[in-house]
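Chemist: Contents are CSV, C-alpha atoms; file name my_file-v6.csv:
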chain,number,residue,atom,x,y,z
A,1,MET,CA,-0.4,-45.4,-38.9
A,2,ARG,CA,3.1,-44.1,-38.5
A,3,HIS,CA,2.2,-41.1,-40.7
A,4,VAL,CA,-0.7,-40.4,-38.4
A,5,PHE,CA,1.5,-40.6,-35.4
A,6,LEU,CA,4.2,-38.4,-37.0
A,7,SER,CA,1.8,-35.7,-38.0
A,8,PHE,CA,0.2,-35.7,-34.6
A,9,LEU,CA,3.7,-35.3,-33.0
A,10,LEU,CA,4.4,-32.5,-35.4
A,11,MET,CA,1.2,-30.8,-34.4
A,12,VAL,CA,1.9,-31.1,-30.7
A,13,LEU,CA,5.5,-29.8,-31.2
A,14,ALA,CA,4.5,-26.9,-33.5
A,15,GLY,CA,1.8,-25.6,-31.1
A,16,PRO,CA,4.1,-23.8,-28.6
A,17,ALA,CA,6.3,-22.5,-31.4
A,18,ALA,CA,3.4,-20.9,-33.2
A,19,ALA,CA,2.1,-19.3,-30.0
A,20,ASN,CA,4.5,-16.4,-30.1
A,21,ALA,CA,5.0,-15.9,-33.8
A,22,ASP,CA,6.2,-12.3,-34.0
A,23,VAL,CA,9.9,-12.0,-34.6
A,24,TYR,CA,12.1,-9.2,-33.4
A,25,GLN,CA,15.7,-8.5,-34.3
A,26,PHE,CA,18.0,-7.5,-31.5
A,27,GLU,CA,21.5,-6.0,-31.6
A,28,SER,CA,22.9,-8.2,-28.9
A,29,GLN,CA,22.1,-11.1,-26.6
A,30,GLN,CA,21.8,-8.7,-23.7
A,31,GLU,CA,19.1,-6.7,-25.5
A,32,GLU,CA,17.2,-9.8,-26.3
A,33,GLN,CA,17.4,-10.9,-22.7
A,34,ARG,CA,16.2,-7.5,-21.6
A,35,PHE,CA,13.2,-7.8,-23.9
A,36,GLN,CA,12.5,-11.2,-22.4
A,37,ASP,CA,12.7,-9.9,-18.8
A,38,LEU,CA,10.5,-6.9,-19.5
A,39,THR,CA,7.8,-8.8,-21.3
A,40,SER,CA,7.8,-11.6,-18.7
A,41,GLU,CA,7.1,-9.2,-15.8
A,42,LEU,CA,4.4,-7.2,-17.6
A,43,ARG,CA,0.9,-8.7,-17.3
A,44,CYS,CA,-1.7,-9.0,-20.0
A,45,PRO,CA,-4.8,-7.0,-19.2
A,46,LYS,CA,-7.0,-9.3,-21.3
A,47,CYS,CA,-5.9,-12.8,-20.3
A,48,GLN,CA,-5.2,-11.8,-16.8
A,49,ASN,CA,-3.0,-14.6,-15.5
A,50,GLN,CA,-0.5,-14.5,-18.3
A,51,ASN,CA,2.4,-12.2,-18.9
A,52,ILE,CA,2.7,-10.5,-22.3
A,53,ALA,CA,5.6,-12.7,-23.3
A,54,ASP,CA,3.4,-15.8,-23.2
A,55,SER,CA,0.0,-14.4,-24.1
A,56,ASN,CA,-1.5,-14.7,-27.6
A,57,ALA,CA,-4.0,-11.9,-27.1
A,58,PRO,CA,-3.9,-9.1,-29.7
A,59,ILE,CA,-3.4,-6.6,-26.9
A,60,SER,CA,-0.3,-8.5,-25.7
A,61,LYS,CA,1.1,-8.4,-29.2
A,62,ASP,CA,0.6,-4.6,-29.3
A,63,MET,CA,2.3,-4.3,-25.9
A,64,ARG,CA,5.3,-6.4,-27.0
A,65,ALA,CA,5.6,-4.2,-30.1
A,66,GLU,CA,5.5,-1.1,-27.9
A,67,VAL,CA,8.2,-2.5,-25.6
A,68,TYR,CA,10.3,-3.3,-28.6
A,69,ARG,CA,9.7,0.1,-30.2
A,70,MET,CA,10.7,1.9,-27.0
A,71,MET,CA,13.7,-0.2,-26.5
A,72,SER,CA,14.9,0.6,-30.0
A,73,ASP,CA,14.4,4.3,-29.2
A,74,GLY,CA,16.7,3.9,-26.2
A,75,ALA,CA,14.2,4.1,-23.4
A,76,SER,CA,15.1,2.7,-20.0
A,77,ASP,CA,13.3,-0.2,-18.4
A,78,GLN,CA,11.6,2.2,-16.0
A,79,GLU,CA,10.4,4.4,-18.8
A,80,ILE,CA,8.9,1.5,-20.7
A,81,VAL,CA,7.1,0.1,-17.7
A,82,ASP,CA,5.8,3.6,-16.8
A,83,ALA,CA,4.5,4.2,-20.3
A,84,LEU,CA,2.5,1.0,-20.2
A,85,VAL,CA,1.3,1.7,-16.6
A,86,ALA,CA,0.1,5.1,-17.8
A,87,ARG,CA,-2.1,3.4,-20.3
A,88,PHE,CA,-3.3,0.2,-18.7
A,89,GLY,CA,-2.8,1.0,-15.0
A,90,GLU,CA,-0.8,-0.5,-12.2
A,91,PHE,CA,-2.5,-3.8,-13.0
A,92,VAL,CA,0.0,-4.6,-15.7
A,93,ARG,CA,2.9,-4.9,-13.3
A,94,TYR,CA,3.6,-8.2,-11.7
A,95,LYS,CA,5.8,-6.3,-9.2
A,96,PRO,CA,3.8,-3.3,-8.1
A,97,GLU,CA,5.5,-0.1,-6.8
A,98,VAL,CA,5.8,0.0,-3.0
A,99,ASP,CA,3.2,2.6,-1.9
A,100,GLN,CA,0.4,3.0,0.5
A,101,ARG,CA,-2.0,0.7,-1.4
A,102,THR,CA,0.6,-2.1,-1.8
A,103,ILE,CA,2.5,-1.9,1.5
A,104,LEU,CA,0.4,-4.6,3.0
A,105,LEU,CA,1.1,-6.9,0.1
A,106,TRP,CA,4.8,-6.3,0.3
A,107,ALA,CA,4.9,-6.5,4.1
A,108,THR,CA,2.9,-9.7,4.5
A,109,PRO,CA,5.8,-12.2,4.0
A,110,ALA,CA,8.0,-10.3,6.5
A,111,VAL,CA,5.1,-10.0,9.0
A,112,ALA,CA,4.4,-13.7,8.7
A,113,VAL,CA,8.1,-14.7,9.2
A,114,LEU,CA,8.3,-12.3,12.2
A,115,GLY,CA,5.1,-13.8,13.7
A,116,GLY,CA,6.5,-17.3,13.2
A,117,LEU,CA,9.7,-16.4,14.9
A,118,LEU,CA,7.8,-14.8,17.9
A,119,VAL,CA,5.8,-18.0,18.3
A,120,VAL,CA,9.0,-20.2,18.2
A,121,ALA,CA,10.7,-17.8,20.7
A,122,GLY,CA,7.6,-18.0,23.0
A,123,VAL,CA,7.6,-21.8,22.9
A,124,VAL,CA,11.4,-22.0,23.6
A,125,ILE,CA,11.3,-19.5,26.5
A,126,ARG,CA,8.3,-21.2,28.1
A,127,SER,CA,9.9,-24.7,27.9
A,128,ARG,CA,13.2,-23.4,29.4
A,129,ARG,CA,11.3,-21.7,32.2
A,130,ASN,CA,9.4,-24.9,33.0
A,131,ALA,CA,12.6,-27.0,32.8
A,132,GLY,CA,14.2,-24.8,35.6
A,133,LYS,CA,11.2,-25.1,37.8
A,134,GLU,CA,10.9,-28.9,37.7
A,135,GLU,CA,10.8,-30.4,41.3
A,136,PRO,CA,13.5,-33.0,42.1
A,137,MET,CA,12.2,-36.4,43.1
A,138,SER,CA,11.0,-36.9,46.6
A,139,ALA,CA,12.7,-39.5,48.9
A,140,GLU,CA,9.8,-41.9,48.3
A,141,GLU,CA,10.0,-41.6,44.5
A,142,LYS,CA,13.7,-42.1,44.7
A,143,ALA,CA,13.4,-45.3,46.6
A,144,ARG,CA,10.8,-46.6,44.1
A,145,ALA,CA,13.0,-45.7,41.2
A,146,GLU,CA,16.0,-47.5,42.7
A,147,LYS,CA,13.9,-50.5,43.3
A,148,ILE,CA,12.7,-50.7,39.7
A,149,LEU,CA,16.3,-50.2,38.4
A,150,ALA,CA,17.5,-53.0,40.7
A,151,GLU,CA,14.7,-55.3,39.4
A,152,LEU,CA,15.6,-54.6,35.9
A,153,GLU,CA,19.3,-55.3,36.6
A,154,GLN,CA,18.3,-58.7,38.2
A,155,ASN,CA,16.1,-59.6,35.2
A,156,ARG,CA,18.9,-58.9,32.8
A,157,ASN,CA,21.4,-61.1,34.7
A,158,ALA,CA,18.9,-63.9,35.1
B,27,MET,CA,-3.9,-15.0,28.0
B,28,ARG,CA,-4.1,-18.7,27.3
B,29,ARG,CA,-7.9,-18.5,26.9
B,30,PHE,CA,-7.5,-15.7,24.5
B,31,LEU,CA,-5.1,-17.8,22.4
B,32,LEU,CA,-7.8,-20.5,22.1
B,33,PHE,CA,-10.0,-18.0,20.3
B,34,LEU,CA,-7.3,-16.9,17.9
B,35,PRO,CA,-8.1,-19.4,15.1
B,36,LEU,CA,-11.8,-18.3,15.3
B,37,LEU,CA,-10.7,-14.7,15.1
B,38,ILE,CA,-8.5,-15.3,12.1
B,39,ALA,CA,-11.2,-17.3,10.4
B,40,LEU,CA,-13.7,-14.5,10.9
B,41,VAL,CA,-11.4,-11.8,9.5
B,42,LEU,CA,-10.5,-14.0,6.5
B,43,GLY,CA,-14.1,-14.7,6.0
B,44,VAL,CA,-15.1,-11.0,5.9
B,45,VAL,CA,-12.2,-10.1,3.6
B,46,LEU,CA,-12.9,-13.0,1.2
B,47,PHE,CA,-16.6,-12.4,1.2
B,48,ALA,CA,-16.1,-8.8,0.2
B,49,GLY,CA,-14.3,-10.1,-2.9
B,50,ILE,CA,-17.2,-12.4,-4.0
B,51,GLY,CA,-19.1,-11.1,-7.0
B,52,LYS,CA,-16.4,-8.6,-8.1
B,53,ASP,CA,-15.5,-9.0,-11.7
B,54,PRO,CA,-11.7,-9.1,-11.9
B,55,THR,CA,-11.8,-8.7,-15.7
B,56,LYS,CA,-13.2,-5.1,-15.3
B,57,LEU,CA,-10.3,-2.8,-14.6
B,58,GLU,CA,-10.5,0.9,-13.8
B,59,SER,CA,-8.9,2.9,-16.6
B,60,ALA,CA,-5.5,4.4,-15.8
B,61,LEU,CA,-6.8,7.4,-17.8
B,62,VAL,CA,-9.5,8.5,-15.4
B,63,GLY,CA,-8.8,12.1,-14.5
B,64,LYS,CA,-6.5,12.6,-17.5
B,65,PRO,CA,-7.2,14.2,-20.9
B,66,VAL,CA,-7.9,12.1,-24.0
B,67,PRO,CA,-4.5,11.3,-25.5
B,68,THR,CA,-3.5,13.4,-28.5
B,69,PHE,CA,-4.1,11.7,-31.9
B,70,ALA,CA,-4.5,12.5,-35.6
B,71,LEU,CA,-6.6,9.9,-37.4
B,72,GLN,CA,-8.9,9.9,-40.3
B,73,ASP,CA,-12.6,10.3,-40.2
B,74,LEU,CA,-14.3,6.9,-40.9
B,75,HIS,CA,-16.7,8.4,-43.4
B,76,ASP,CA,-14.2,10.7,-45.2
B,77,SER,CA,-10.5,9.7,-45.5
B,78,GLN,CA,-9.6,13.3,-46.4
B,79,GLN,CA,-10.9,14.6,-43.1
B,80,GLN,CA,-8.4,14.4,-40.1
B,81,LEU,CA,-9.8,14.2,-36.6
B,82,ASP,CA,-8.0,15.0,-33.4
B,83,GLU,CA,-8.6,15.4,-29.6
B,84,SER,CA,-10.3,18.7,-30.0
B,85,LEU,CA,-13.3,16.6,-31.0
B,86,PHE,CA,-13.9,16.0,-27.2
B,87,LYS,CA,-13.9,19.6,-26.2
B,88,GLY,CA,-17.1,21.6,-25.4
B,89,LYS,CA,-19.6,19.0,-24.1
B,90,VAL,CA,-19.9,15.8,-22.2
B,91,GLN,CA,-19.7,12.9,-24.6
B,92,LEU,CA,-19.3,9.1,-24.8
B,93,LEU,CA,-16.5,7.5,-26.6
B,94,ASN,CA,-17.4,4.0,-27.8
B,95,VAL,CA,-14.7,1.6,-29.0
B,96,TRP,CA,-16.0,-0.9,-31.5
B,97,GLY,CA,-15.2,-3.1,-34.4
B,98,THR,CA,-17.2,-5.3,-36.8
B,99,TRP,CA,-15.2,-8.3,-35.6
B,100,CYS,CA,-16.6,-7.9,-32.1
B,101,PRO,CA,-19.8,-9.8,-31.4
B,102,ALA,CA,-20.6,-7.9,-28.2
B,103,CYS,CA,-20.4,-4.7,-30.2
B,104,ARG,CA,-23.3,-6.0,-32.2
B,105,ASP,CA,-25.2,-6.7,-28.9
B,106,GLU,CA,-24.9,-3.2,-27.7
B,107,HIS,CA,-25.5,-1.5,-31.1
B,108,ASP,CA,-29.2,-1.1,-30.7
B,109,ASP,CA,-28.8,0.4,-27.3
B,110,LEU,CA,-26.3,2.9,-28.6
B,111,ILE,CA,-28.8,3.9,-31.2
B,112,TRP,CA,-31.5,4.2,-28.5
B,113,LEU,CA,-29.1,6.4,-26.4
B,114,ALA,CA,-28.3,8.7,-29.4
B,115,ARG,CA,-31.8,9.0,-30.6
B,116,GLU,CA,-34.0,8.8,-27.5
B,117,LYS,CA,-31.7,10.2,-24.9
B,118,GLY,CA,-29.8,12.7,-27.1
B,119,VAL,CA,-26.4,11.5,-26.0
B,120,SER,CA,-23.5,12.5,-28.2
B,121,ILE,CA,-21.5,9.4,-28.9
B,122,ILE,CA,-18.1,9.4,-30.7
B,123,GLY,CA,-17.3,6.1,-32.3
B,124,LEU,CA,-13.8,4.7,-32.4
B,125,ASN,CA,-13.6,2.1,-35.0
B,126,TYR,CA,-10.9,-0.1,-33.6
B,127,LYS,CA,-8.7,-2.5,-35.7
B,128,ASP,CA,-11.2,-2.8,-38.4
B,129,THR,CA,-11.5,-2.1,-42.1
B,130,ARG,CA,-13.3,0.9,-43.5
B,131,THR,CA,-15.5,-1.0,-46.0
B,132,GLU,CA,-16.8,-3.4,-43.3
B,133,ALA,CA,-17.3,-0.7,-40.8
B,134,LEU,CA,-19.2,1.5,-43.2
B,135,ALA,CA,-21.3,-1.4,-44.4
B,136,TRP,CA,-22.2,-2.2,-40.7
B,137,LEU,CA,-23.3,1.4,-40.0
B,138,GLU,CA,-25.2,1.4,-43.2
B,139,ARG,CA,-27.0,-1.8,-42.3
B,140,LEU,CA,-27.6,-1.3,-38.6
B,141,GLY,CA,-27.8,2.5,-38.3
B,142,ASP,CA,-25.2,5.0,-37.2
B,143,PRO,CA,-25.5,6.2,-33.5
B,144,TYR,CA,-22.2,8.2,-33.7
B,145,SER,CA,-22.0,11.9,-34.0
B,146,ALA,CA,-18.5,11.4,-35.3
B,147,SER,CA,-16.5,8.3,-36.2
B,148,ILE,CA,-12.7,8.0,-35.8
B,149,TYR,CA,-11.0,5.4,-38.0
B,150,ASP,CA,-8.2,3.6,-36.1
B,151,PRO,CA,-7.3,0.5,-38.2
B,152,LYS,CA,-4.0,-0.1,-36.3
B,153,GLY,CA,-5.4,0.5,-32.9
B,154,THR,CA,-3.0,3.3,-32.0
B,155,LEU,CA,-5.5,5.5,-30.2
B,156,GLY,CA,-7.0,2.4,-28.7
B,157,PHE,CA,-3.6,1.5,-27.3
B,158,ASP,CA,-3.1,5.0,-25.9
B,159,LEU,CA,-6.5,4.7,-24.3
B,160,GLY,CA,-5.6,1.4,-22.7
B,161,VAL,CA,-8.3,-0.5,-24.6
B,162,TYR,CA,-7.8,-4.2,-24.0
B,163,GLY,CA,-11.1,-5.6,-25.3
B,164,ALA,CA,-13.9,-4.0,-27.3
B,165,PRO,CA,-16.5,-2.9,-26.6
B,166,GLU,CA,-15.4,-0.2,-24.2
B,167,THR,CA,-17.2,3.0,-23.5
B,168,PHE,CA,-15.5,6.1,-22.0
B,169,VAL,CA,-17.3,9.1,-20.4
B,170,ILE,CA,-15.4,12.3,-21.5
B,171,ASP,CA,-16.2,15.6,-19.9
B,172,ALA,CA,-16.5,19.0,-21.6
B,173,ALA,CA,-12.8,19.7,-21.0
B,174,GLY,CA,-11.8,16.5,-22.8
B,175,VAL,CA,-10.9,14.7,-19.6
B,176,VAL,CA,-11.7,11.0,-19.2
B,177,ARG,CA,-14.2,10.5,-16.3
B,178,TYR,CA,-15.0,6.8,-16.5
B,179,ARG,CA,-14.4,3.7,-18.5
B,180,HIS,CA,-17.0,0.9,-18.9
B,181,VAL,CA,-15.7,-2.4,-20.2
B,182,GLY,CA,-18.3,-4.6,-21.9
B,183,VAL,CA,-21.7,-4.1,-23.3
B,184,VAL,CA,-23.7,-1.0,-22.7
B,185,ASP,CA,-27.4,-1.6,-22.3
B,186,GLN,CA,-30.3,0.3,-20.7
B,187,ASN,CA,-29.4,-0.9,-17.2
B,188,VAL,CA,-25.7,0.1,-17.5
B,189,TRP,CA,-26.8,3.5,-18.8
B,190,LYS,CA,-29.2,4.1,-15.9
B,191,ASP,CA,-27.0,2.7,-13.1
B,192,VAL,CA,-23.5,3.4,-14.3
B,193,LEU,CA,-23.1,5.9,-17.1
B,194,LEU,CA,-25.9,8.4,-16.3
B,195,PRO,CA,-24.7,9.2,-12.8
B,196,VAL,CA,-21.1,9.8,-14.1
B,197,ILE,CA,-22.4,12.0,-16.9
B,198,ASN,CA,-24.6,14.0,-14.5
B,199,GLU,CA,-21.7,14.6,-12.3
B,200,ALA,CA,-19.5,15.6,-15.2
B,201,ARG,CA,-22.2,18.0,-16.4
B,202,GLY,CA,-22.5,19.5,-12.9
B,203,ASN,CA,-18.8,20.2,-12.7
B,204,GLY,CA,-18.3,21.1,-16.3
Would you mind writing the file out in structure tokens?
Modeler:
Amino acid sequence: MRHVFLSFLLMVLAGPAAANADVYQFESQQEEQRFQDLTSELRCPKCQNQNIADSNAPISKDMRAEVYRMMSDGASDQEIVDALVARFGEFVRYKPEVDQRTILLWATPAVAVLGGLLVVAGVVIRSRRNAGKEEPMSAEEKARAEKILAELEQNRNA
Amino acid sequence: MRRFLLFLPLLIALVLGVVLFAGIGKDPTKLESALVGKPVPTFALQDLHDSQQQLDESLFKGKVQLLNVWGTWCPACRDEHDDLIWLAREKGVSIIGLNYKDTRTEALAWLERLGDPYSASIYDPKGTLGFDLGVYGAPETFVIDAAGVVRYRHVGVVDQNVWKDVLLPVINEARGNG
């Protein structure tokens, strides 16, 4: 029984490790980090909601190999991303370039925040304006209020 | 003003509805090729039938052709094979085969057994030309015009309907301009 459990545990633990089996050698920690950053912001065209760092698809493997090859040849991040976009299209970027087609996408958060601020400002201004306009109590109301307060006072003392 | 604000949610719902409805039925796995309007990448690969023979991008000059990416490991390629033969034999379409990430023996045995629709076959065991073409899943079929420029890329199986509705119009346009 324990053996079964142990082998099951081994299987579960080995799964993620085997998912990304290719091994690359890097000259420094920074280079390795650069590779991780690049592959995590490039999107796999086959398995569309994964980046190429996580994906197991053969195409992602090829793309990782190309990123590594270009890095070894001294290419800049921009050059590497451009080379892959030239083959697979803008689709492979999780962060698309700001241009006419993507401006709406980039602007939406700012527009939403601005809209929210406008609504809040509107509410505040309106409540302030109303607060200024409020009518003071009439003599009749004042007399009634005083009577109620006096009754309360009496009740408390009683 | 206040009355207009009451209708705002309805307006937002309508706009969202129209936008989202437009997206229904679109297949997000079919991407437009980044190579449309660009020439076929340069390459130097062996002929599938003859390892002594080198093929390059000049193969795509002179007439409108299809470039079909396939492999014996790809089940959908088997599905479209008979239609490719139909295209080549009945419709007289010149199809260039790109044997992608495959082995020569298996590929040749497949063509021997099922028939060979290709006017030429490029052997790309490592997938280098496939990578430069942005191939992300076989089968893929490219329309290449007489100048060797990519006009269209179809991802998935080619059948008689795809030919009639999708590929033929692109080919006719390419022929008109070329």
Chemist: Could you produce a table of the residues of chain A lying within 12 Å of chain B, with the nearest pair of atoms per residue and their separation in Å rounded to one decimal, using all atoms listed in the file, ordered by chain and increasing residue number, as a tab-separated table?
Modeler:
residue	atom	partner	partner_atom	distance
A:Arg43	CA	B:Tyr162	CA	11.9
A:Cys44	CA	B:Tyr162	CA	8.7
A:Pro45	CA	B:Tyr162	CA	6.3
A:Lys46	CA	B:Tyr162	CA	5.8
A:Cys47	CA	B:Thr55	CA	8.5
A:Gln48	CA	B:Thr55	CA	7.4
A:Asn49	CA	B:Thr55	CA	10.6
A:Ala57	CA	B:Tyr162	CA	9.1
A:Pro58	CA	B:Tyr162	CA	8.5
A:Ile59	CA	B:Tyr162	CA	5.8
A:Ser60	CA	B:Tyr162	CA	8.8
A:Lys61	CA	B:Phe157	CA	11.1
A:Asp62	CA	B:Phe157	CA	7.7
A:Met63	CA	B:Phe157	CA	8.4
A:Arg64	CA	B:Phe157	CA	11.9
A:Ala65	CA	B:Phe157	CA	11.2
A:Glu66	CA	B:Phe157	CA	9.5
A:Asp82	CA	B:Ala60	CA	11.4
A:Ala83	CA	B:Asp158	CA	9.5
A:Leu84	CA	B:Gly160	CA	8.5
A:Val85	CA	B:Ala60	CA	7.4
A:Ala86	CA	B:Ala60	CA	6.0
A:Arg87	CA	B:Gly160	CA	4.7
A:Phe88	CA	B:Gly160	CA	4.8
A:Gly89	CA	B:Ala60	CA	4.4
A:Glu90	CA	B:Ala60	CA	7.7
A:Phe91	CA	B:Leu57	CA	8.0
A:Val92	CA	B:Leu57	CA	10.5
A:Val119	CA	B:Leu31	CA	11.6
Chemist: Give me the residues within 6 Å of range 113-122 of chain B as a VMD selection string, counting only C-alpha atoms and dropping any in the same chain fewer than 4 places off.
Modeler: chain B and resid 91 to 93 143 to 147
Chemist: Restricting the calculation to all atoms listed in the file: of A:Glu31, A:Glu151, A:Leu42, A:Ala139, which residue gets closest to Gly74 in chain A?
Modeler: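 The shortest atom-to-atom distance to Gly74 in chain A comes from A:Glu31.
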Chemist: Please measure the separation of CA of Tyr178 in chain B and CA of Asn198 in chain B, giving the value in Å to one decimal.
Modeler: 12.2 Å
Chemist: Please compute the CA of Gln33 in chain A-CA of Glu97 in chain A distance, one decimal, in Å.
Modeler: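 Going from CA of Gln33 in chain A over to CA of Glu97 in chain A covers 22.6 Å.
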Chemist: Fewer than 6 positions away in the same chain doesn't count, so skip those; otherwise give me all residues within 12 Å of Gly88 in chain B, counting only C-alpha atoms, as number ranges by chain.
Modeler: B: 120, 170-175, 201, 204
Chemist: Between CA of Val23 in chain A and CA of Val67 in chain A, measure the distance and give it in Å to one decimal.
Modeler: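 Interatomic distance here is 13.2 Å.
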Chemist: I'd like the neighbourhood of Phe26 in chain A as a list in words, where a residue qualifies if any of its atoms comes within 12 Å (using all atoms listed in the file), though same-chain residues fewer than 6 positions away should be ignored.
Modeler: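 Residues meeting the cut-off are Glu32, Gln33, Arg34, Phe35, Gln36, Tyr68, Arg69, Met71 and Ser72 of chain A.
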Chemist: Since we have the selection now, will you write its residues out, keeping C-alpha atoms, as a compact mmCIF listing (two decimals), keeping the file's coordinate frame?
Modeler:
# COMPACT_ATOMS: atom_id res chain seq x y z
CA GLU A 32 17.20 -9.80 -26.30
CA GLN A 33 17.40 -10.90 -22.70
CA ARG A 34 16.20 -7.50 -21.60
CA PHE A 35 13.20 -7.80 -23.90
CA GLN A 36 12.50 -11.20 -22.40
CA TYR A 68 10.30 -3.30 -28.60
CA ARG A 69 9.70 0.10 -30.20
CA MET A 71 13.70 -0.20 -26.50
CA SER A 72 14.90 0.60 -30.00
Chemist: Return the single residue from B:Ala164, B:Ile111, B:Val181, B:Ile148 that is closest to Asp73 in chain B, with distances computed using only C-alpha atoms.
Modeler: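 So, comparing all the options, the nearest one is B:Ile148.
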